[in-house]
file data07.txt (compact mmCIF, C-alpha atoms)
# COMPACT_ATOMS: atom_id res chain seq x y z
CA MET M 715 200.41 55.20 117.66
CA LEU M 716 200.25 58.01 115.09
CA ASP M 717 201.64 61.36 116.03
CA PRO M 718 199.10 64.23 116.14
CA MET M 719 200.33 65.67 112.84
CA LYS M 720 199.67 62.43 110.94
CA ARG M 721 196.24 62.05 112.57
CA VAL M 722 195.21 65.40 111.10
CA LEU M 723 197.12 65.15 107.82
CA LEU M 724 195.87 61.71 106.66
CA PRO M 725 192.14 62.54 106.85
CA CYS M 726 192.82 65.89 105.16
CA LEU M 727 194.68 64.18 102.31
CA PHE M 728 191.87 61.63 101.91
CA LEU M 729 189.25 64.40 101.85
CA ALA M 730 191.26 66.41 99.32
CA ALA M 731 191.63 63.35 97.07
CA VAL M 732 187.89 62.68 97.16
CA LEU M 733 186.91 66.32 96.55
CA LEU M 734 189.46 66.92 93.81
CA ALA M 735 188.87 63.68 91.93
CA PRO M 736 187.38 64.38 88.50
CA PHE M 737 183.67 63.71 88.20
CA PRO M 738 182.21 63.05 84.78
CA ALA M 739 180.22 66.04 83.53
CA ARG M 740 176.58 65.39 82.76
CA ALA M 741 175.44 67.58 79.90
CA ALA M 742 172.69 67.15 77.37
CA PHE M 743 173.74 65.23 74.29
CA VAL M 744 172.78 67.13 71.13
CA LEU M 745 171.05 64.86 68.65
CA TYR M 746 170.21 67.48 66.03
CA PHE M 747 170.56 71.22 65.49
CA HIS M 748 169.83 73.26 62.38
CA THR M 749 168.98 76.88 61.68
CA PHE M 750 166.32 77.95 59.19
CA GLY M 751 166.56 81.75 58.83
CA ASP M 752 165.24 83.19 62.11
CA TRP M 753 164.21 79.72 63.34
CA SER M 754 166.11 76.78 64.76
CA VAL M 755 165.25 73.16 65.46
CA SER M 756 167.21 71.38 68.15
CA CYS M 757 166.87 67.93 69.66
CA TRP M 758 168.77 66.58 72.63
CA ARG M 759 168.92 63.68 75.10
CA ASP M 760 168.64 64.44 78.79
CA PRO M 761 171.57 62.66 80.49
CA PHE M 762 169.66 61.99 83.70
CA SER M 763 166.37 60.64 82.37
CA GLY M 764 167.59 59.43 78.97
CA ASP M 765 164.52 61.07 77.39
CA ASN M 766 164.76 62.90 74.06
CA TYR M 767 163.41 66.42 73.57
CA CYS M 768 163.06 68.75 70.59
CA SER M 769 162.33 72.44 70.26
CA LEU M 770 161.41 74.85 67.49
CA SER M 771 162.21 78.43 68.42
CA ALA M 772 163.34 81.83 67.22
CA PRO M 773 165.72 83.52 67.13
CA PRO M 774 168.48 80.91 66.88
CA PRO M 775 171.32 81.17 69.42
CA ALA M 776 173.67 82.75 66.86
CA LEU M 777 171.24 85.68 66.50
CA ASN M 778 170.61 86.03 70.25
CA THR M 779 174.13 86.11 71.66
CA THR M 780 173.28 88.71 74.32
CA GLY M 781 170.13 86.90 75.47
CA ARG M 782 168.30 90.22 75.31
CA ARG M 783 166.06 89.35 72.38
CA GLY M 784 162.63 87.94 73.04
CA GLN M 785 162.08 84.31 72.12
CA VAL M 786 159.12 82.61 70.45
CA GLY M 787 158.71 78.87 70.27
CA LEU M 788 156.45 75.92 69.77
CA SER M 789 156.18 72.81 71.90
CA GLU M 790 154.08 69.69 72.00
CA GLU M 791 152.01 68.83 75.05
CA LEU M 792 149.71 65.92 75.84
CA ASP M 793 146.67 68.00 74.97
CA GLY M 794 148.09 69.65 71.84
CA ILE M 795 150.41 72.38 70.71
CA MET M 796 151.55 75.32 72.78
CA ILE M 797 153.03 78.53 71.38
CA TRP M 798 155.19 80.26 73.97
CA THR M 799 157.24 83.41 74.26
CA ILE M 800 159.78 84.74 76.70
CA PRO M 801 159.92 88.45 75.86
CA GLY M 802 161.63 89.67 79.02
CA GLY M 803 159.66 91.38 81.71
CA GLU M 804 158.01 90.78 85.03
CA PRO M 805 155.20 88.40 85.97
CA GLY M 806 151.89 90.05 85.17
CA ASP M 807 153.24 92.10 82.24
CA HIS M 808 151.08 91.97 79.13
CA VAL M 809 152.34 90.62 75.80
CA ASN M 810 151.03 90.86 72.24
CA LEU M 811 152.04 88.39 69.56
CA GLN M 812 150.94 89.54 66.12
CA VAL M 813 151.48 88.13 62.64
CA ASP M 814 151.41 90.71 59.83
CA ASP M 815 148.13 92.66 59.98
CA ASN M 816 146.17 89.93 61.77
CA PRO M 817 144.64 90.80 65.14
CA ALA M 818 147.13 90.65 68.02
CA HIS M 819 147.03 87.67 70.37
CA PRO M 820 147.32 89.05 73.94
CA ALA M 821 148.65 87.10 76.91
CA GLN M 822 150.15 87.76 80.32
CA LEU M 823 153.56 86.71 81.64
CA ASP M 824 153.41 83.95 84.23
CA ILE M 825 155.60 83.64 87.33
CA ASN M 826 158.47 82.35 85.10
CA GLY M 827 158.29 85.26 82.64
CA LYS M 828 156.67 83.12 79.95
CA ALA M 829 153.46 83.78 78.02
CA SER M 830 151.68 80.98 76.19
CA TRP M 831 148.78 80.22 73.87
CA ARG M 832 147.13 76.79 73.78
CA GLY M 833 144.26 75.01 72.09
CA ALA M 834 142.40 76.70 69.22
CA GLU M 835 144.36 79.93 69.62
CA ALA M 836 147.69 78.07 69.26
CA LEU M 837 146.37 76.37 66.10
CA ASP M 838 145.26 79.78 64.75
CA LEU M 839 148.75 81.14 65.42
CA ILE M 840 150.36 78.19 63.60
CA ASP M 841 148.14 78.92 60.57
CA GLU M 842 149.16 82.58 60.72
CA PHE M 843 152.85 81.62 61.03
CA ILE M 844 152.59 79.36 57.95
CA SER M 845 150.90 81.99 55.78
CA GLY M 846 152.54 85.07 57.29
CA LEU M 847 155.69 87.09 56.69
CA THR M 848 156.60 88.60 60.08
CA ILE M 849 155.87 88.07 63.77
CA ARG M 850 155.82 91.13 65.99
CA LEU M 851 156.31 90.57 69.70
CA ASN M 852 155.67 93.40 72.13
CA SER M 853 155.47 93.45 75.91
CA PHE M 854 153.79 96.05 78.06
CA PRO M 855 155.08 96.33 81.62
CA VAL M 856 152.38 96.92 84.21
CA GLY M 857 152.25 100.70 84.68
CA GLY M 858 155.08 101.32 82.21
CA ARG M 859 155.85 102.00 78.57
CA ALA M 860 155.77 99.32 75.90
CA SER M 861 159.05 97.61 75.09
CA PRO M 862 160.54 97.90 71.60
CA VAL M 863 158.80 95.63 69.11
CA GLU M 864 160.71 92.42 68.36
CA ALA M 865 160.31 91.34 64.72
CA LEU M 866 160.96 87.79 63.50
CA SER M 867 160.82 86.62 59.90
CA LEU M 868 158.52 83.73 58.99
CA ASP M 869 160.21 83.11 55.62
CA ASP M 870 161.67 79.75 56.67
CA PHE M 871 159.12 78.79 59.33
CA LEU M 872 157.38 76.10 57.25
CA ASP M 873 160.70 74.36 56.52
CA ALA M 874 161.61 74.49 60.21
CA LEU M 875 158.17 73.18 61.22
CA SER M 876 158.41 70.25 58.79
CA ILE M 877 161.82 69.23 60.11
CA TYR M 878 160.67 69.70 63.73
CA GLN M 879 157.74 67.34 63.16
CA ALA M 880 160.01 64.79 61.44
CA LYS M 881 162.55 64.93 64.29
CA LEU M 882 159.84 64.37 66.90
CA LEU M 883 159.17 61.05 65.16
CA THR M 884 162.83 60.24 64.43
CA TYR M 885 163.93 60.61 68.05
CA GLY M 886 160.78 59.17 69.61
CA VAL M 887 160.19 62.25 71.70
CA ASN M 888 157.93 61.54 74.66
CA LEU M 889 155.34 64.19 75.34
CA PRO M 890 155.54 65.72 78.81
CA HIS M 891 153.12 64.43 81.41
CA ASP M 892 150.54 66.73 82.95
CA ASN M 893 151.59 67.68 86.45
call {"tool": "encode", "arguments": {"input": "data07.txt", "output": "structure tokens"}}
result
Amino acid sequence: MLDPMKRVLLPCLFLAAVLLAPFPARAAFVLYFHTFGDWSVSCWRDPFSGDNYCSLSAPPPALNTTGRRGQVGLSEELDGIMIWTIPGGEPGDHVNLQVDDNPAHPAQLDINGKASWRGAEALDLIDEFISGLTIRLNSFPVGGRASPVEALSLDDFLDALSIYQAKLLTYGVNLPHDN
């Protein structure tokens, strides 16, 4: 018969061994990353699903080290292209995305702090991005003052877009399913 000390100590040692045993980390595997001026293209494999994903966004991580800059990006969906932005702010805040002197494209932040443009308006924005020089992103908190205008260069956007489209094909990116 085990003495009381061993009865307590053995299960504790077993539990400690199980809890302290190294578990393999599961992180996304980067397939591709390149910066084009204010824009970056990145592709990665999700370790859980094994699916590949790509993104085209601005500014690149090296220019947004504090995470305080607004982001603009493009993603593919089953029903077409979506332009999205995460400018910072609260759900319900209004956002304007404007290219050069073209009319502003207004939107409202959703519950996740993201504004998006789909369909014909997204295609119009892509055309403006290709022919434009600068994006201006501005958010307007409900009942508050406008945030400082975020400016992003479009000088290298066409190069980034071309590579993004090529990488979607290269890595066989599956489009997300409608939920």
call {"tool": "closest_residue", "arguments": {"input": "data07.txt", "among": "M:Ile800, M:Val744, M:Leu847, M:Ala865", "to": "Asn826 of chain M", "atoms": "all atoms listed in the file"}}
result
M:Ile800
call {"tool": "atom_distance", "arguments": {"input": "data07.txt", "atom1": "atom CA of Ile795 of chain M", "atom2": "atom CA of Lys828 of chain M"}}
result
15.5 Å
call {"tool": "closest_residue", "arguments": {"input": "data07.txt", "among": "M:Ile797, M:Leu851, M:Ala818, M:Ile825", "to": "Leu837 of chain M", "atoms": "all atoms listed in the file"}}
result
M:Ile797
call {"tool": "atom_distance", "arguments": {"input": "data07.txt", "atom1": "atom CA of Trp831 of chain M", "atom2": "atom CA of Gly806 of chain M"}}
result
15.3 Å
call {"tool": "residues_around", "arguments": {"input": "data07.txt", "residues": "Trp753 of chain M", "least_positions_apart": "3", "cutoff": "6 Å", "atoms": "only C-alpha atoms", "output": "VMD selection string"}}
result
chain M and resid 749 to 750 771 to 774
call {"tool": "atom_distance", "arguments": {"input": "data07.txt", "atom1": "atom CA of Cys768 of chain M", "atom2": "atom CA of Gln812 of chain M"}}
result
24.5 Å
call {"tool": "closest_residue", "arguments": {"input": "data07.txt", "among": "M:Ser769, M:Pro775, M:Pro817, M:Ser845", "to": "Glu791 of chain M", "atoms": "all atoms listed in the file"}}
result
M:Ser769
call {"tool": "residues_near_point", "arguments": {"input": "data07.txt", "point": "(162.4, 87.2, 58.9)", "cutoff": "12 Å", "atoms": "only C-alpha atoms", "output": "PDB file with C-alpha atoms, keeping the file's coordinate frame"}}
result
ATOM      1  CA  PHE M 750     166.320  77.950  59.190  1.00  0.00           C
ATOM      2  CA  GLY M 751     166.560  81.750  58.830  1.00  0.00           C
ATOM      3  CA  ASP M 752     165.240  83.190  62.110  1.00  0.00           C
ATOM      4  CA  TRP M 753     164.210  79.720  63.340  1.00  0.00           C
ATOM      5  CA  ALA M 772     163.340  81.830  67.220  1.00  0.00           C
ATOM      6  CA  PRO M 773     165.720  83.520  67.130  1.00  0.00           C
ATOM      7  CA  PRO M 774     168.480  80.910  66.880  1.00  0.00           C
ATOM      8  CA  LEU M 777     171.240  85.680  66.500  1.00  0.00           C
ATOM      9  CA  VAL M 813     151.480  88.130  62.640  1.00  0.00           C
ATOM     10  CA  ASP M 814     151.410  90.710  59.830  1.00  0.00           C
ATOM     11  CA  PHE M 843     152.850  81.620  61.030  1.00  0.00           C
ATOM     12  CA  GLY M 846     152.540  85.070  57.290  1.00  0.00           C
ATOM     13  CA  LEU M 847     155.690  87.090  56.690  1.00  0.00           C
ATOM     14  CA  THR M 848     156.600  88.600  60.080  1.00  0.00           C
ATOM     15  CA  ILE M 849     155.870  88.070  63.770  1.00  0.00           C
ATOM     16  CA  ARG M 850     155.820  91.130  65.990  1.00  0.00           C
ATOM     17  CA  GLU M 864     160.710  92.420  68.360  1.00  0.00           C
ATOM     18  CA  ALA M 865     160.310  91.340  64.720  1.00  0.00           C
ATOM     19  CA  LEU M 866     160.960  87.790  63.500  1.00  0.00           C
ATOM     20  CA  SER M 867     160.820  86.620  59.900  1.00  0.00           C
ATOM     21  CA  LEU M 868     158.520  83.730  58.990  1.00  0.00           C
ATOM     22  CA  ASP M 869     160.210  83.110  55.620  1.00  0.00           C
ATOM     23  CA  ASP M 870     161.670  79.750  56.670  1.00  0.00           C
ATOM     24  CA  PHE M 871     159.120  78.790  59.330  1.00  0.00           C
TER      25      PHE M 871
END
call {"tool": "closest_residue", "arguments": {"input": "data07.txt", "among": "M:Leu839, M:Ile877, M:Val809, M:Leu883", "to": "Asp824 of chain M", "atoms": "only C-alpha atoms"}}
result
M:Val809
call {"tool": "closest_residue", "arguments": {"input": "data07.txt", "among": "M:Ser830, M:Asp807, M:Lys881, M:Pro820", "to": "Gly857 of chain M", "atoms": "all atoms listed in the file"}}
result
M:Asp807
call {"tool": "closest_residue", "arguments": {"input": "data07.txt", "among": "M:Ser853, M:Asn810, M:Thr799, M:Asn766", "to": "Gly886 of chain M", "atoms": "only C-alpha atoms"}}
result
M:Asn766
call {"tool": "residues_near_point", "arguments": {"input": "data07.txt", "point": "(166.3, 69.2, 60.6)", "cutoff": "8 Å", "atoms": "all atoms listed in the file", "output": "ChimeraX atom specification"}}
result
/M:746-748,755-756,874,877-878,880-881
call {"tool": "residues_around", "arguments": {"input": "data07.txt", "residues": "Leu872 of chain M", "least_positions_apart": "3", "cutoff": "7 Å", "atoms": "all atoms listed in the file", "output": "list in words"}}
result
Ile844, Leu875 and Ser876 of chain M
